[in-house]
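What follows is the content of input-v3.json (JSON, C-alpha atoms and all ligand atoms).
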```
[["chain", "number", "residue", "atom", "x", "y", "z"],
["A", 1, "MET", "CA", 19.08, 24.05, -70.77],
["A", 2, "GLY", "CA", 19.77, 27.27, -72.58],
["A", 3, "THR", "CA", 22.06, 28.82, -69.95],
["A", 4, "GLY", "CA", 25.05, 29.05, -72.28],
["A", 5, "GLN", "CA", 24.67, 32.78, -73.06],
["A", 6, "LEU", "CA", 24.02, 33.94, -69.49],
["A", 7, "PRO", "CA", 26.71, 35.80, -67.52],
["A", 8, "ARG", "CA", 28.98, 33.54, -65.55],
["A", 9, "ILE", "CA", 29.79, 33.90, -61.88],
["A", 10, "HIS", "CA", 33.40, 32.78, -61.69],
["A", 11, "LEU", "CA", 34.16, 30.99, -58.44],
["A", 12, "PRO", "CA", 37.43, 31.43, -56.55],
["A", 13, "SER", "CA", 40.09, 28.87, -57.44],
["A", 14, "PRO", "CA", 39.82, 25.78, -55.25],
["A", 15, "SER", "CA", 42.59, 25.06, -52.79],
["A", 16, "GLN", "CA", 44.33, 21.72, -52.54],
["A", 17, "LYS", "CA", 45.40, 22.24, -48.96],
["A", 18, "GLY", "CA", 43.10, 21.68, -46.02],
["A", 19, "SER", "CA", 43.32, 22.06, -42.28],
["A", 20, "ILE", "CA", 42.63, 18.39, -41.49],
["A", 21, "SER", "CA", 43.97, 15.15, -42.97],
["A", 22, "LEU", "CA", 41.95, 12.86, -45.22],
["A", 23, "GLU", "CA", 41.94, 10.32, -42.41],
["A", 24, "GLN", "CA", 40.53, 12.89, -39.97],
["A", 25, "ALA", "CA", 37.84, 13.87, -42.50],
["A", 26, "ILE", "CA", 36.82, 10.21, -42.90],
["A", 27, "ALA", "CA", 36.78, 9.71, -39.13],
["A", 28, "GLN", "CA", 34.80, 12.90, -38.43],
["A", 29, "ARG", "CA", 32.29, 12.62, -41.31],
["A", 30, "ARG", "CA", 28.69, 12.43, -40.09],
["A", 31, "SER", "CA", 25.28, 13.17, -41.55],
["A", 32, "ILE", "CA", 24.23, 16.45, -39.93],
["A", 33, "ARG", "CA", 20.69, 17.80, -40.25],
["A", 34, "ASP", "CA", 20.85, 20.95, -38.11],
["A", 35, "PHE", "CA", 22.07, 24.07, -39.88],
["A", 36, "THR", "CA", 22.41, 27.73, -38.97],
["A", 37, "PRO", "CA", 20.99, 30.11, -41.62],
["A", 38, "GLU", "CA", 24.39, 31.87, -41.87],
["A", 39, "PRO", "CA", 25.76, 32.24, -45.39],
["A", 40, "ILE", "CA", 28.67, 30.20, -46.65],
["A", 41, "SER", "CA", 31.50, 31.92, -48.50],
["A", 42, "GLN", "CA", 32.13, 31.70, -52.23],
["A", 43, "SER", "CA", 35.41, 29.95, -51.41],
["A", 44, "GLN", "CA", 33.58, 27.28, -49.45],
["A", 45, "LEU", "CA", 31.07, 26.76, -52.26],
["A", 46, "SER", "CA", 33.92, 26.65, -54.77],
["A", 47, "GLN", "CA", 35.63, 23.96, -52.75],
["A", 48, "ILE", "CA", 32.44, 21.86, -52.44],
["A", 49, "LEU", "CA", 31.69, 22.05, -56.18],
["A", 50, "TRP", "CA", 35.29, 21.26, -57.09],
["A", 51, "ALA", "CA", 35.14, 18.16, -54.89],
["A", 52, "THR", "CA", 31.83, 17.17, -56.53],
["A", 53, "GLN", "CA", 32.78, 17.47, -60.21],
["A", 54, "GLY", "CA", 35.75, 19.83, -60.57],
["A", 55, "ILE", "CA", 38.42, 19.25, -63.19],
["A", 56, "THR", "CA", 41.59, 17.81, -61.66],
["A", 57, "ASP", "CA", 43.45, 16.93, -64.88],
["A", 58, "THR", "CA", 43.27, 19.87, -67.23],
["A", 59, "SER", "CA", 44.86, 18.16, -70.25],
["A", 60, "ALA", "CA", 42.61, 15.08, -70.23],
["A", 61, "ARG", "CA", 39.65, 16.99, -68.67],
["A", 62, "LEU", "CA", 39.30, 14.38, -65.94],
["A", 63, "ARG", "CA", 37.39, 15.21, -62.77],
["A", 64, "ALA", "CA", 37.58, 14.81, -59.00],
["A", 65, "VAL", "CA", 35.18, 11.87, -59.14],
["A", 66, "PRO", "CA", 35.67, 8.71, -61.25],
["A", 67, "SER", "CA", 33.25, 8.12, -64.11],
["A", 68, "ALA", "CA", 32.60, 4.97, -66.18],
["A", 69, "GLY", "CA", 34.40, 5.60, -69.48],
["A", 70, "ALA", "CA", 34.72, 9.27, -68.47],
["A", 71, "THR", "CA", 31.16, 9.76, -69.74],
["A", 72, "TYR", "CA", 30.36, 12.23, -66.90],
["A", 73, "PRO", "CA", 26.58, 11.86, -66.62],
["A", 74, "LEU", "CA", 26.16, 14.16, -63.59],
["A", 75, "GLU", "CA", 24.95, 17.79, -63.64],
["A", 76, "ILE", "CA", 25.05, 19.89, -60.49],
["A", 77, "PHE", "CA", 22.62, 22.60, -59.41],
["A", 78, "VAL", "CA", 22.97, 24.95, -56.45],
["A", 79, "VAL", "CA", 19.75, 26.12, -54.79],
["A", 80, "CYS", "CA", 20.13, 29.14, -52.52],
["A", 81, "GLY", "CA", 18.28, 32.00, -50.87],
["A", 82, "GLN", "CA", 18.96, 35.73, -50.73],
["A", 83, "ASN", "CA", 21.56, 35.54, -47.98],
["A", 84, "SER", "CA", 22.96, 32.05, -48.59],
["A", 85, "ILE", "CA", 26.26, 32.63, -50.35],
["A", 86, "GLU", "CA", 28.24, 35.85, -50.03],
["A", 87, "GLU", "CA", 27.53, 38.18, -52.98],
["A", 88, "ILE", "CA", 25.35, 35.68, -54.85],
["A", 89, "GLY", "CA", 21.62, 36.35, -55.14],
["A", 90, "GLU", "CA", 18.79, 33.88, -54.55],
["A", 91, "GLY", "CA", 18.15, 31.36, -57.27],
["A", 92, "ILE", "CA", 18.94, 28.03, -58.84],
["A", 93, "TYR", "CA", 22.42, 27.98, -60.38],
["A", 94, "HIS", "CA", 24.00, 25.47, -62.72],
["A", 95, "TYR", "CA", 27.61, 24.51, -62.06],
["A", 96, "ASN", "CA", 29.67, 24.89, -65.20],
["A", 97, "VAL", "CA", 32.45, 22.34, -64.80],
["A", 98, "ALA", "CA", 34.69, 23.57, -67.63],
["A", 99, "HIS", "CA", 34.83, 27.14, -66.30],
["A", 100, "HIS", "CA", 34.38, 26.37, -62.57],
["A", 101, "SER", "CA", 31.59, 28.92, -62.62],
["A", 102, "LEU", "CA", 27.86, 29.29, -62.00],
["A", 103, "THR", "CA", 25.13, 30.39, -64.38],
["A", 104, "LEU", "CA", 21.72, 31.47, -63.16],
["A", 105, "HIS", "CA", 19.18, 28.84, -64.21],
["A", 106, "HIS", "CA", 16.15, 30.32, -62.40],
["A", 107, "GLU", "CA", 15.78, 33.40, -60.20],
["A", 108, "GLY", "CA", 14.15, 33.16, -56.76],
["A", 109, "ASP", "CA", 14.42, 31.16, -53.56],
["A", 110, "VAL", "CA", 12.81, 27.72, -54.12],
["A", 111, "ARG", "CA", 14.14, 26.04, -50.97],
["A", 112, "LEU", "CA", 10.71, 25.89, -49.32],
["A", 113, "ASP", "CA", 9.14, 24.42, -52.49],
["A", 114, "LEU", "CA", 11.98, 21.93, -52.62],
["A", 115, "ALA", "CA", 11.50, 20.95, -48.97],
["A", 116, "LYS", "CA", 7.82, 20.20, -49.66],
["A", 117, "VAL", "CA", 8.72, 17.61, -52.31],
["A", 118, "VAL", "CA", 11.51, 16.17, -50.19],
["A", 119, "LEU", "CA", 9.00, 14.75, -47.70],
["A", 120, "TYR", "CA", 9.09, 17.98, -45.69],
["A", 121, "GLN", "CA", 12.64, 17.37, -44.50],
["A", 122, "GLU", "CA", 12.77, 20.91, -43.14],
["A", 123, "PHE", "CA", 16.53, 21.21, -43.15],
["A", 124, "ILE", "CA", 16.27, 21.60, -46.94],
["A", 125, "TYR", "CA", 15.08, 25.19, -46.41],
["A", 126, "GLU", "CA", 16.96, 25.78, -43.17],
["A", 127, "ALA", "CA", 20.33, 25.15, -44.81],
["A", 128, "PRO", "CA", 21.64, 28.11, -46.82],
["A", 129, "VAL", "CA", 22.48, 25.95, -49.83],
["A", 130, "ASP", "CA", 21.16, 22.74, -51.36],
["A", 131, "ILE", "CA", 23.36, 20.93, -53.85],
["A", 132, "VAL", "CA", 21.24, 18.89, -56.26],
["A", 133, "ILE", "CA", 23.00, 16.19, -58.26],
["A", 134, "CYS", "CA", 21.13, 15.06, -61.37],
["A", 135, "GLY", "CA", 21.97, 12.18, -63.68],
["A", 136, "LEU", "CA", 21.64, 12.21, -67.46],
["A", 137, "TYR", "CA", 21.58, 8.48, -68.02],
["A", 138, "GLN", "CA", 21.91, 8.54, -71.80],
["A", 139, "ARG", "CA", 25.44, 9.90, -71.59],
["A", 140, "THR", "CA", 26.52, 6.61, -70.03],
["A", 141, "THR", "CA", 23.95, 4.16, -71.47],
["A", 142, "LEU", "CA", 25.01, 5.23, -74.97],
["A", 143, "ASP", "CA", 28.32, 3.43, -74.35],
["A", 144, "TYR", "CA", 27.24, 0.76, -71.87],
["A", 145, "GLY", "CA", 23.59, 0.01, -72.61],
["A", 146, "SER", "CA", 21.23, -0.51, -69.68],
["A", 147, "ARG", "CA", 24.17, -1.45, -67.43],
["A", 148, "GLY", "CA", 25.18, 2.21, -67.69],
["A", 149, "GLU", "CA", 22.30, 3.09, -65.33],
["A", 150, "ARG", "CA", 24.05, 1.24, -62.53],
["A", 151, "TYR", "CA", 27.24, 3.13, -63.36],
["A", 152, "VAL", "CA", 25.46, 6.47, -62.97],
["A", 153, "HIS", "CA", 24.22, 5.40, -59.53],
["A", 154, "MET", "CA", 27.73, 4.38, -58.51],
["A", 155, "GLU", "CA", 29.12, 7.70, -59.71],
["A", 156, "VAL", "CA", 26.66, 9.78, -57.73],
["A", 157, "GLY", "CA", 27.83, 7.88, -54.64],
["A", 158, "HIS", "CA", 31.40, 8.99, -55.33],
["A", 159, "ALA", "CA", 30.28, 12.59, -55.78],
["A", 160, "GLY", "CA", 28.20, 12.50, -52.60],
["A", 161, "GLN", "CA", 31.06, 11.10, -50.55],
["A", 162, "ASN", "CA", 33.36, 13.85, -51.82],
["A", 163, "ILE", "CA", 30.80, 16.45, -50.72],
["A", 164, "TYR", "CA", 30.66, 14.84, -47.29],
["A", 165, "LEU", "CA", 34.45, 14.78, -46.91],
["A", 166, "GLN", "CA", 35.01, 18.28, -48.29],
["A", 167, "ALA", "CA", 32.25, 19.69, -46.06],
["A", 168, "THR", "CA", 33.82, 17.98, -43.04],
["A", 169, "ALA", "CA", 37.25, 19.39, -43.90],
["A", 170, "LEU", "CA", 35.71, 22.88, -44.10],
["A", 171, "GLY", "CA", 33.85, 22.54, -40.80],
["A", 172, "LEU", "CA", 30.52, 22.51, -42.66],
["A", 173, "ALA", "CA", 27.55, 20.19, -42.26],
["A", 174, "THR", "CA", 25.77, 18.09, -44.89],
["A", 175, "VAL", "CA", 23.57, 15.02, -45.34],
["A", 176, "ALA", "CA", 22.80, 12.90, -48.41],
["A", 177, "ILE", "CA", 19.08, 12.98, -49.21],
["A", 178, "SER", "CA", 17.41, 10.65, -51.65],
["A", 179, "ALA", "CA", 13.88, 10.40, -50.20],
["A", 180, "PHE", "CA", 11.98, 12.71, -52.56],
["A", 181, "TYR", "CA", 9.52, 12.74, -55.44],
["A", 182, "ASP", "CA", 11.64, 12.78, -58.61],
["A", 183, "GLU", "CA", 9.08, 14.43, -60.89],
["A", 184, "GLN", "CA", 8.23, 17.15, -58.40],
["A", 185, "VAL", "CA", 11.86, 17.91, -57.68],
["A", 186, "ARG", "CA", 12.36, 18.29, -61.45],
["A", 187, "GLU", "CA", 9.40, 20.67, -61.62],
["A", 188, "VAL", "CA", 10.64, 22.81, -58.71],
["A", 189, "LEU", "CA", 14.04, 23.00, -60.38],
["A", 190, "ARG", "CA", 12.56, 23.73, -63.84],
["A", 191, "LEU", "CA", 14.48, 20.87, -65.43],
["A", 192, "ASP", "CA", 13.76, 18.83, -68.55],
["A", 193, "LYS", "CA", 12.65, 15.21, -68.28],
["A", 194, "GLN", "CA", 16.13, 13.88, -69.11],
["A", 195, "TYR", "CA", 17.45, 15.23, -65.77],
["A", 196, "LYS", "CA", 16.96, 12.66, -63.02],
["A", 197, "PRO", "CA", 17.54, 14.07, -59.51],
["A", 198, "LEU", "CA", 19.60, 11.55, -57.55],
["A", 199, "TYR", "CA", 20.93, 13.27, -54.46],
["A", 200, "ILE", "CA", 20.07, 16.50, -52.66],
["A", 201, "MET", "CA", 22.72, 17.60, -50.18],
["A", 202, "PRO", "CA", 22.04, 20.64, -47.99],
["A", 203, "VAL", "CA", 25.27, 22.39, -46.98],
["A", 204, "GLY", "CA", 25.82, 24.99, -44.28],
["A", 205, "LYS", "CA", 27.30, 25.69, -40.90],
["A", 206, "PRO", "CA", 26.35, 23.10, -38.27],
["A", 207, "ALA", "CA", 23.96, 24.37, -35.60],
["A", 208, "ARG", "CA", 25.82, 22.31, -33.02],
["A", 209, "SER", "CA", 29.51, 21.56, -33.17],
["B", 301, "LIG", "C1", 21.57, 6.48, -50.51],
["B", 301, "LIG", "C2", 21.34, 7.24, -49.22],
["B", 301, "LIG", "C3", 20.15, 7.90, -49.03],
["B", 301, "LIG", "C4", 19.92, 8.68, -47.87],
["B", 301, "LIG", "N1", 18.75, 9.38, -47.76],
["B", 301, "LIG", "C5", 18.54, 10.12, -46.65],
["B", 301, "LIG", "C6", 17.36, 10.89, -46.53],
["B", 301, "LIG", "O1", 16.52, 10.93, -47.42],
["B", 301, "LIG", "N2", 17.20, 11.63, -45.40],
["B", 301, "LIG", "C7", 18.13, 11.66, -44.40],
["B", 301, "LIG", "O2", 17.92, 12.35, -43.41],
["B", 301, "LIG", "N3", 19.28, 10.94, -44.49],
["B", 301, "LIG", "C8", 19.51, 10.18, -45.58],
["B", 301, "LIG", "N4", 20.68, 9.47, -45.72],
["B", 301, "LIG", "C9", 21.71, 9.55, -44.66],
["B", 301, "LIG", "C10", 21.69, 8.30, -43.77],
["B", 301, "LIG", "O3", 20.56, 8.35, -42.92],
["B", 301, "LIG", "C11", 23.00, 8.29, -42.92],
["B", 301, "LIG", "O4", 24.11, 8.15, -43.80],
["B", 301, "LIG", "C12", 22.99, 7.14, -41.90],
["B", 301, "LIG", "O5", 22.04, 7.38, -40.89],
["B", 301, "LIG", "C13", 24.36, 6.91, -41.29],
["B", 301, "LIG", "O6", 24.81, 8.08, -40.60],
["B", 301, "LIG", "P1", 26.18, 8.80, -40.98],
["B", 301, "LIG", "O7", 26.07, 9.29, -42.41],
["B", 301, "LIG", "O8", 26.30, 9.96, -40.02],
["B", 301, "LIG", "O9", 27.30, 7.84, -40.84],
["B", 301, "LIG", "C14", 20.93, 8.72, -46.86],
["B", 301, "LIG", "C15", 22.14, 8.05, -47.06],
["B", 301, "LIG", "C16", 22.36, 7.33, -48.23],
["B", 301, "LIG", "C17", 23.70, 6.64, -48.44]]
```

Rewrite the structure from the file as structure tokens, please.
Ligand SMILES: Cc1cc2nc3c(=O)[nH]c(=O)nc-3n(C[C@H](O)[C@H](O)[C@H](O)COP(=O)(O)O)c2cc1C
Amino acid sequence: MGTGQLPRIHLPSPSQKGSISLEQAIAQRRSIRDFTPEPISQSQLSQILWATQGITDTSARLRAVPSAGATYPLEIFVVCGQNSIEEIGEGIYHYNVAHHSLTLHHEGDVRLDLAKVVLYQEFIYEAPVDIVICGLYQRTTLDYGSRGERYVHMEVGHAGQNIYLQATALGLATVAISAFYDEQVREVLRLDKQYKPLYIMPVGKPARS
């Protein structure tokens, strides 16, 4: 992807204490499609990304989400506008798992372009942030052959559920989106062919509580 040399935006350290229990988060979790355009904080984004793929075992480099053979086929992109995340400009950012940081992948607000290839689900550009989870199948199929593809799909489900639960615990809204045109999403995100978009999850404050 060539983002290795770009300056990193270091995210605040994630917290392991929340204001509601896991059981409450499971009970309250809902797909919410109405967002206010208000920005989310860097701490909130940090928390969401940590829950999606953050490192939770620093010695073995294991992550918040299980992965077949710890092959970690998922890559996370954050799509945002000018006033989406406090002190972060508009663009597409790549989540760097090892450093819990962001690197700018492409400058500019592409949320409207993204919404057009996500069957005009307008909340894609109404939400301040869209988390895009892509799979790189070969990381897992190298070890598991074609069965590895199924493992990637299972893993993205784990990641998506963690986003749902973390968003709920933070009082934020989200919904798992998979109805989109893969190739066009890749084009909007300026990604190579090996990146397969699997889930798009808008995140923001709910318009109705
Ligand atoms: C694999 C998958 C794909 C989904 N795709 C979409 C989608 O493209 N658009 C959408 O609005 N909701 C989508 N959803 C959300 C479901 O509509 C939602 O989970 C369902 O209505 C149950 O509601 P709940 O999540 O509030 O329990 C998807 C959910 C899953 C698990």

Seminar exercise, completed: Across A:Ala64, A:Val118, A:Met154, A:Ile88, the smallest distance to Val188 in chain A, with all atoms listed in the file counted, is shown by A:Val118

Problem set entry | At most 6 Å from ligand LIG 301 (chain B) (only C-alpha atoms and all ligand atoms): residue list as a ChimeraX atom specification | /A:30-31,175-179

Seminar exercise, completed: CA of Tyr144 in chain A to CA of Phe77 in chain A measures 25.6 Å

For this session: Write out as a list in words each polymer residue whose atoms come within 10 Å of Phe35 in chain A, counting only C-alpha atoms; drop sequence neighbours fewer than 3 positions from it.
Result: Ile32, Glu38, Phe123, Ile124, Tyr125, Glu126, Ala127, Pro128, Leu172, Ala173, Thr174, Pro202, Val203, Gly204, Lys205, Pro206, Ala207 and Arg208 of chain A

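When only C-alpha atoms are used to compute distances to Ala27 in chain A, the closest of the residues A:Ala98, A:Val78, A:Ala169, A:Met201 turns out to be A:Ala169.
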
Problem set entry | Ref. answer, residues at most 9 Å from (34.6, 8.0, -60.6) with all atoms listed in the file, as an MDAnalysis selection string | chainID A and resid 63:68 70 72 154:156 158:159

Problem set entry | Among the residues A:Cys134, A:Ile163, A:Val185, A:Ala51, the one that comes closest to Val117 in chain A [using only C-alpha atoms] |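 Selected residue with least distance to Val117 in chain A: A:Val185.
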
For this session: To one decimal in Å, tell me the separation between CA of Ile26 in chain A and CA of Tyr164 in chain A.
Result: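 Those two atoms sit 8.9 Å apart.
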
Seminar exercise, completed: re CA of His105 in chain A and CA of Tyr93 in chain A: distance 5.1 Å

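The closest residue to Ile92 in chain A, picked from A:Glu183, A:Asp130, A:Asp192, A:Glu149 and counting all atoms listed in the file, is A:Asp130.
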
For this session: Could you check which of A:Lys196, A:Pro14, A:Gln44, A:Leu74 is closest to Thr168 in chain A, using only C-alpha atoms?
Result: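 Under the stated criterion, the closest residue is A:Gln44.
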
For this session: Just give me the residues with any atom within 8 Å of (31.4, 32.3, -65.6), file coordinates, counting only C-alpha atoms, written as a ChimeraX atom specification.
Result: /A:7-11,96,99-103

For this session: Using all atoms listed in the file, pick whichever of A:Ser59, A:Thr52, A:Gln47, A:Ser15 has the shortest atom-to-atom distance to Tyr199 in chain A.
Result: A:Thr52

Find the smallest box with edges along x, y and z containing every listed atom of range 140-145 of chain A, then add 3 Å on each side and report centre and edge lengths in Å to one decimal, as JSON.
```
{"center_x": 26.0, "center_y": 3.3, "center_z": -72.5, "size_x": 10.7, "size_y": 12.6, "size_z": 10.9}
```

Exercise. Any idea what's packed within 12 Å of Gln24 in chain A, counting only C-alpha atoms, ignoring anything in its chain fewer than 3 positions away? Could you give it as a VMD selection string?
Worked result: chain A and resid 18 to 21 27 to 30 165 to 166 168 to 171

Exercise. Residues at most 8 Å from range 79-81 of chain A, counting only C-alpha atoms, excluding those fewer than 6 positions away in the same chain, as a ChimeraX atom specification?
Worked result: /A:89-93,108-111,128-132

Exercise. Near Thr140 in chain A, within 7 Å and counting all atoms listed in the file, which residues show up once chain neighbours fewer than 6 positions away are dropped, as a list of chain:residue names?
Worked result: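 My list of contacting residues is A:Thr71, A:Pro73, A:Gly148.
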
Could you write range 37-68 of chain A as a PDB file, in the coordinates of the input, with N, CA and C atoms rebuilt where they are missing?
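part03.pdb, written as the output of this step:
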```
ATOM      1  N   PRO A  37      21.311  29.467 -40.337  1.00  0.00           N
ATOM      2  CA  PRO A  37      20.990  30.110 -41.620  1.00  0.00           C
ATOM      3  C   PRO A  37      22.135  30.975 -42.158  1.00  0.00           C
ATOM      4  N   GLU A  38      23.257  31.022 -41.441  1.00  0.00           N
ATOM      5  CA  GLU A  38      24.390  31.870 -41.870  1.00  0.00           C
ATOM      6  C   GLU A  38      24.846  31.523 -43.280  1.00  0.00           C
ATOM      7  N   PRO A  39      25.265  32.528 -44.035  1.00  0.00           N
ATOM      8  CA  PRO A  39      25.760  32.240 -45.390  1.00  0.00           C
ATOM      9  C   PRO A  39      27.067  31.462 -45.366  1.00  0.00           C
ATOM     10  N   ILE A  40      27.329  30.770 -46.468  1.00  0.00           N
ATOM     11  CA  ILE A  40      28.670  30.200 -46.650  1.00  0.00           C
ATOM     12  C   ILE A  40      29.408  31.116 -47.627  1.00  0.00           C
ATOM     13  N   SER A  41      30.721  31.017 -47.630  1.00  0.00           N
ATOM     14  CA  SER A  41      31.500  31.920 -48.500  1.00  0.00           C
ATOM     15  C   SER A  41      31.579  31.321 -49.914  1.00  0.00           C
ATOM     16  N   GLN A  42      31.935  32.186 -50.857  1.00  0.00           N
ATOM     17  CA  GLN A  42      32.130  31.700 -52.230  1.00  0.00           C
ATOM     18  C   GLN A  42      33.268  30.689 -52.275  1.00  0.00           C
ATOM     19  N   SER A  43      34.285  30.903 -51.442  1.00  0.00           N
ATOM     20  CA  SER A  43      35.410  29.950 -51.410  1.00  0.00           C
ATOM     21  C   SER A  43      34.943  28.577 -50.944  1.00  0.00           C
ATOM     22  N   GLN A  44      34.084  28.563 -49.941  1.00  0.00           N
ATOM     23  CA  GLN A  44      33.580  27.280 -49.450  1.00  0.00           C
ATOM     24  C   GLN A  44      32.745  26.577 -50.520  1.00  0.00           C
ATOM     25  N   LEU A  45      31.882  27.357 -51.198  1.00  0.00           N
ATOM     26  CA  LEU A  45      31.070  26.760 -52.260  1.00  0.00           C
ATOM     27  C   LEU A  45      31.970  26.245 -53.381  1.00  0.00           C
ATOM     28  N   SER A  46      32.969  27.038 -53.730  1.00  0.00           N
ATOM     29  CA  SER A  46      33.920  26.650 -54.770  1.00  0.00           C
ATOM     30  C   SER A  46      34.558  25.301 -54.443  1.00  0.00           C
ATOM     31  N   GLN A  47      34.959  25.168 -53.202  1.00  0.00           N
ATOM     32  CA  GLN A  47      35.630  23.960 -52.750  1.00  0.00           C
ATOM     33  C   GLN A  47      34.684  22.745 -52.853  1.00  0.00           C
ATOM     34  N   ILE A  48      33.444  22.945 -52.417  1.00  0.00           N
ATOM     35  CA  ILE A  48      32.440  21.860 -52.440  1.00  0.00           C
ATOM     36  C   ILE A  48      32.168  21.423 -53.886  1.00  0.00           C
ATOM     37  N   LEU A  49      32.011  22.392 -54.794  1.00  0.00           N
ATOM     38  CA  LEU A  49      31.690  22.050 -56.180  1.00  0.00           C
ATOM     39  C   LEU A  49      32.881  21.397 -56.879  1.00  0.00           C
ATOM     40  N   TRP A  50      34.069  21.873 -56.540  1.00  0.00           N
ATOM     41  CA  TRP A  50      35.290  21.260 -57.090  1.00  0.00           C
ATOM     42  C   TRP A  50      35.373  19.798 -56.658  1.00  0.00           C
ATOM     43  N   ALA A  51      35.093  19.536 -55.392  1.00  0.00           N
ATOM     44  CA  ALA A  51      35.140  18.160 -54.890  1.00  0.00           C
ATOM     45  C   ALA A  51      34.061  17.293 -55.552  1.00  0.00           C
ATOM     46  N   THR A  52      32.956  17.910 -55.944  1.00  0.00           N
ATOM     47  CA  THR A  52      31.830  17.170 -56.530  1.00  0.00           C
ATOM     48  C   THR A  52      32.102  16.776 -57.979  1.00  0.00           C
ATOM     49  N   GLN A  53      32.607  17.723 -58.765  1.00  0.00           N
ATOM     50  CA  GLN A  53      32.780  17.470 -60.210  1.00  0.00           C
ATOM     51  C   GLN A  53      33.930  18.276 -60.825  1.00  0.00           C
ATOM     52  N   GLY A  54      34.736  18.940 -60.019  1.00  0.00           N
ATOM     53  CA  GLY A  54      35.750  19.830 -60.570  1.00  0.00           C
ATOM     54  C   GLY A  54      36.788  19.108 -61.408  1.00  0.00           C
ATOM     55  N   ILE A  55      37.389  19.828 -62.335  1.00  0.00           N
ATOM     56  CA  ILE A  55      38.420  19.250 -63.190  1.00  0.00           C
ATOM     57  C   ILE A  55      39.743  19.200 -62.423  1.00  0.00           C
ATOM     58  N   THR A  56      40.328  18.004 -62.399  1.00  0.00           N
ATOM     59  CA  THR A  56      41.590  17.810 -61.660  1.00  0.00           C
ATOM     60  C   THR A  56      42.736  17.445 -62.607  1.00  0.00           C
ATOM     61  N   ASP A  57      42.413  17.177 -63.866  1.00  0.00           N
ATOM     62  CA  ASP A  57      43.450  16.930 -64.880  1.00  0.00           C
ATOM     63  C   ASP A  57      43.054  17.771 -66.083  1.00  0.00           C
ATOM     64  N   THR A  58      43.726  18.915 -66.219  1.00  0.00           N
ATOM     65  CA  THR A  58      43.270  19.870 -67.230  1.00  0.00           C
ATOM     66  C   THR A  58      43.543  19.386 -68.653  1.00  0.00           C
ATOM     67  N   SER A  59      44.595  18.581 -68.864  1.00  0.00           N
ATOM     68  CA  SER A  59      44.860  18.160 -70.250  1.00  0.00           C
ATOM     69  C   SER A  59      43.855  17.097 -70.700  1.00  0.00           C
ATOM     70  N   ALA A  60      43.564  16.123 -69.835  1.00  0.00           N
ATOM     71  CA  ALA A  60      42.610  15.080 -70.230  1.00  0.00           C
ATOM     72  C   ALA A  60      41.178  15.417 -69.807  1.00  0.00           C
ATOM     73  N   ARG A  61      40.984  16.552 -69.141  1.00  0.00           N
ATOM     74  CA  ARG A  61      39.650  16.990 -68.670  1.00  0.00           C
ATOM     75  C   ARG A  61      39.015  15.962 -67.737  1.00  0.00           C
ATOM     76  N   LEU A  62      39.837  15.352 -66.901  1.00  0.00           N
ATOM     77  CA  LEU A  62      39.300  14.380 -65.940  1.00  0.00           C
ATOM     78  C   LEU A  62      38.902  15.115 -64.653  1.00  0.00           C
ATOM     79  N   ARG A  63      38.014  14.514 -63.909  1.00  0.00           N
ATOM     80  CA  ARG A  63      37.390  15.210 -62.770  1.00  0.00           C
ATOM     81  C   ARG A  63      37.734  14.579 -61.426  1.00  0.00           C
ATOM     82  N   ALA A  64      37.296  15.242 -60.372  1.00  0.00           N
ATOM     83  CA  ALA A  64      37.580  14.810 -59.000  1.00  0.00           C
ATOM     84  C   ALA A  64      36.949  13.464 -58.663  1.00  0.00           C
ATOM     85  N   VAL A  65      35.944  13.083 -59.416  1.00  0.00           N
ATOM     86  CA  VAL A  65      35.180  11.870 -59.140  1.00  0.00           C
ATOM     87  C   VAL A  65      35.316  10.927 -60.338  1.00  0.00           C
ATOM     88  N   PRO A  66      35.552   9.625 -60.112  1.00  0.00           N
ATOM     89  CA  PRO A  66      35.670   8.710 -61.250  1.00  0.00           C
ATOM     90  C   PRO A  66      34.340   8.565 -61.991  1.00  0.00           C
ATOM     91  N   SER A  67      34.448   8.211 -63.272  1.00  0.00           N
ATOM     92  CA  SER A  67      33.250   8.120 -64.110  1.00  0.00           C
ATOM     93  C   SER A  67      33.454   6.988 -65.113  1.00  0.00           C
ATOM     94  N   ALA A  68      32.481   6.104 -65.244  1.00  0.00           N
ATOM     95  CA  ALA A  68      32.600   4.970 -66.180  1.00  0.00           C
ATOM     96  C   ALA A  68      32.879   5.502 -67.584  1.00  0.00           C
TER      97      ALA A  68
END
```
